[in-house]
Amino acid sequence: MNQPGGALRRTPLNECHRAAGAKMVSFAGFEMPVQYTGVIEEHHAVRRAAGLFDVSHMGEFEAEGPGAGAFLQGLVTNDVARLEPGRVLYAVMCREDGGIVDDLTVYRLAGERYMAVVNAANIGKDFEWMSARKPAGVALRDASEETGLLALQGPRAEAILARLIPGGGDLGAIPYYGAQERQVAGRRALVSRTGYTGEDGFEIYCAAEDAPRLWGEILAAGAGEGLRPCGLGARDTLRTEMKYALYGNDIDETTNPLEAGLGWVVKFKAGGFVGREALLRVKEEGVARKLVGFEMVDRGIPRHGAPLLAGGRPAGVVTSGTMSPTLGKAIGIGYVPVSHAAEGSEIAVDIRGAARAARVVKTPFYRRSQA
Amino acid sequence: MEFPKGLKYSREHEWVKVEGNIALIGITDYAQSELGDVVYVELPEVGTDVEANSTFGVVESVKAVSDLYSPVTGSVTEVNAQLEEEPELVNSDPYEDGWMIKVEMSDASELSDLLDADEYKAFVEEESKS
């Protein structure tokens, strides 16, 4: 998958995307499909039927050996010690000052075997960060290049996946944020009931060389039900409607999880982790700003980097924004002073020099029954 | 990909249909195809002065904001208000219902700087290769 001379990397599914006529773009150093037939059509397919995403660009690290759990516990803010085998958690990894190194999911595969799944853009940074803090008995391996990852999301996802597993696969036995092995289309896979869309669905880990087969088989199995291949464009509109953070946009090393609305994955009682002292101080003093969701009242679409105005003065910034296909209105995510963080607060977005009215709303913007 | 004869084209992928002294302006089939789903269009008010090669508004897809460049200098006489409710017309009918503005030209000689359908088609083919 590595290309010489600094060219874009490719996932194992690159040929599949090109053959399907996908529009390819550069993302996190990879050549990825941004859309096949259209962002809006793909977005609606996920909410109404199902969509299939290639997310093989993401990173997978295996941590194994005595103390592997404690090692991860000391690096992420959530409580790894409570993970039973076959369970997953979402967490952030912080610096000493509380700034976010990455957001990630942690899987307990068995006993002292764990997998951390990280953002593609941060694979190198995260592996270095974790390696530098690893005790001698723990083996940490970057398995990203050998691992393919497909996300099948939507109300029909389970029915479609069941067709590819002998006996239907008893997918009902995989709980939300659970992961179990299954034979999918004759290949070994780890099937995780997780996702980034707000719909029911699965993230399917397989050997890189098996990814093209799974891609084709899943698309064929779902063809009669409205299953569509979906690109990064729809992935972004779907997650924005859920106010799921995108690293690099909504969270980064200058933001801490408490101001970013991720306090729910920070477990102060679960022992020490990098950044715990700094975050405790933030908790005691209170955050100065909050990551909120808002909708436009005036015309215009909020975009990353646009200033947010409170009381007519620049007071924050838009971190993500789009025209929501499901809601049919322009929505955004951004940091505002706590004085303007409550639902109903009136703020404004500076779009091309003009202040356009907006209003803070409850999030997620979308709830499953609405599509 | 459509390149209707009888229209003039700019290198910024706008088309012009000349009706007397009025330029009817929109973006081309190639432009809408490159943009993807159009979700928002911002156009000037009637009476606004526009200048050749300067921006007169924006067209936005889900992911990106694109400036609209006027191919001619003049004054805006009419604006397609339907695009406020139905921006997707730019995708489905870029040369008809997806029209954007009408400009009363102050210098019709500027039209000779524009491309005809064959020249624009060749221009697009060159751009697609890069």
# chains A, B, ... in the order shown; residues from 1 in each chain; ligands from 1
$ residues_around --residues "stretch 267-271 of chain A" --least-positions-apart "2" --cutoff "12 Å" --atoms "only C-alpha atoms" --output "ChimeraX atom specification"
/A:70-82,90-92,257-258,262-265,273-281,283
$ interface_residues --of "chain B" --to "chain A" --cutoff "8 Å" --atoms "only C-alpha atoms" --output "ChimeraX atom specification"
/B:36-37,39-40,62-63
$ write_last_selection --atoms "N, CA and C atoms" --output "JSON list (two decimals), in the first residue's frame"
[["chain", "number", "residue", "atom", "x", "y", "z"],
["B", 36, "GLY", "N", -20.50, 18.51, -7.75],
["B", 36, "GLY", "CA", -21.33, 17.56, -7.01],
["B", 36, "GLY", "C", -22.63, 18.23, -6.61],
["B", 37, "ASP", "N", -23.34, 17.62, -5.67],
["B", 37, "ASP", "CA", -24.66, 18.12, -5.27],
["B", 37, "ASP", "C", -24.58, 19.57, -4.80],
["B", 39, "VAL", "N", -26.00, 22.63, -2.92],
["B", 39, "VAL", "CA", -26.94, 22.79, -1.80],
["B", 39, "VAL", "C", -27.24, 24.25, -1.47],
["B", 40, "TYR", "N", -26.52, 25.17, -2.09],
["B", 40, "TYR", "CA", -26.70, 26.58, -1.72],
["B", 40, "TYR", "C", -26.12, 27.45, -2.81],
["B", 62, "VAL", "N", -22.01, 20.25, -0.94],
["B", 62, "VAL", "CA", -21.98, 19.81, 0.45],
["B", 62, "VAL", "C", -20.63, 20.13, 1.08],
["B", 63, "LYS", "N", -19.58, 19.87, 0.34],
["B", 63, "LYS", "CA", -18.23, 19.97, 0.90],
["B", 63, "LYS", "C", -17.54, 21.30, 0.67]]
$ residues_around --residues "B:Glu60" --least-positions-apart "4" --cutoff "7 Å" --atoms "only C-alpha atoms" --output "MDAnalysis selection string"
chainID B and resid 38:41 64:66
$ residues_around --residues "A:Val360" --least-positions-apart "6" --cutoff "8 Å" --atoms "only C-alpha atoms" --output "ChimeraX atom specification"
/A:292-295,341-347
$ residues_around --residues "A:Asn119" --least-positions-apart "5" --cutoff "8 Å" --atoms "only C-alpha atoms" --output "ChimeraX atom specification"
/A:58-59,102-104,247
$ write_last_selection --atoms "N, CA and C atoms" --output "mmCIF file, in the first residue's frame"
data_model
loop_
_atom_site.group_PDB
_atom_site.id
_atom_site.type_symbol
_atom_site.label_atom_id
_atom_site.label_comp_id
_atom_site.auth_asym_id
_atom_site.auth_seq_id
_atom_site.Cartn_x
_atom_site.Cartn_y
_atom_site.Cartn_z
ATOM 1 N N MET A 58 -7.832 3.703 8.099
ATOM 2 C CA MET A 58 -7.634 3.914 9.535
ATOM 3 C C MET A 58 -6.541 2.993 10.076
ATOM 4 N N GLY A 59 -6.046 3.309 11.264
ATOM 5 C CA GLY A 59 -4.945 2.543 11.827
ATOM 6 C C GLY A 59 -5.429 1.559 12.876
ATOM 7 N N ASP A 102 -5.466 12.119 20.074
ATOM 8 C CA ASP A 102 -6.347 11.473 19.106
ATOM 9 C C ASP A 102 -7.598 10.978 19.818
ATOM 10 N N ASP A 103 -8.655 10.754 19.057
ATOM 11 C CA ASP A 103 -9.781 9.988 19.587
ATOM 12 C C ASP A 103 -9.699 8.606 18.929
ATOM 13 N N LEU A 104 -10.164 7.591 19.656
ATOM 14 C CA LEU A 104 -9.942 6.222 19.183
ATOM 15 C C LEU A 104 -10.943 5.282 19.815
ATOM 16 N N TYR A 247 -11.425 14.495 14.293
ATOM 17 C CA TYR A 247 -10.114 14.977 14.728
ATOM 18 C C TYR A 247 -9.495 15.831 13.639
#
$ select_by_dssp --residues "chain B" --states "strand (DSSP E or B)" --output "number ranges by chain"
B: 8-9, 14-19, 22-27, 38-42, 49-50, 55-61, 65-69, 74-79, 101-105, 115
$ residues_around --residues "B:Gln32" --least-positions-apart "2" --cutoff "12 Å" --atoms "only C-alpha atoms" --output "PyMOL selection string"
(chain A and resi 38) or (chain B and resi 1-2+12-15+26-30+34-39+59-61+66+68+87-95+98)
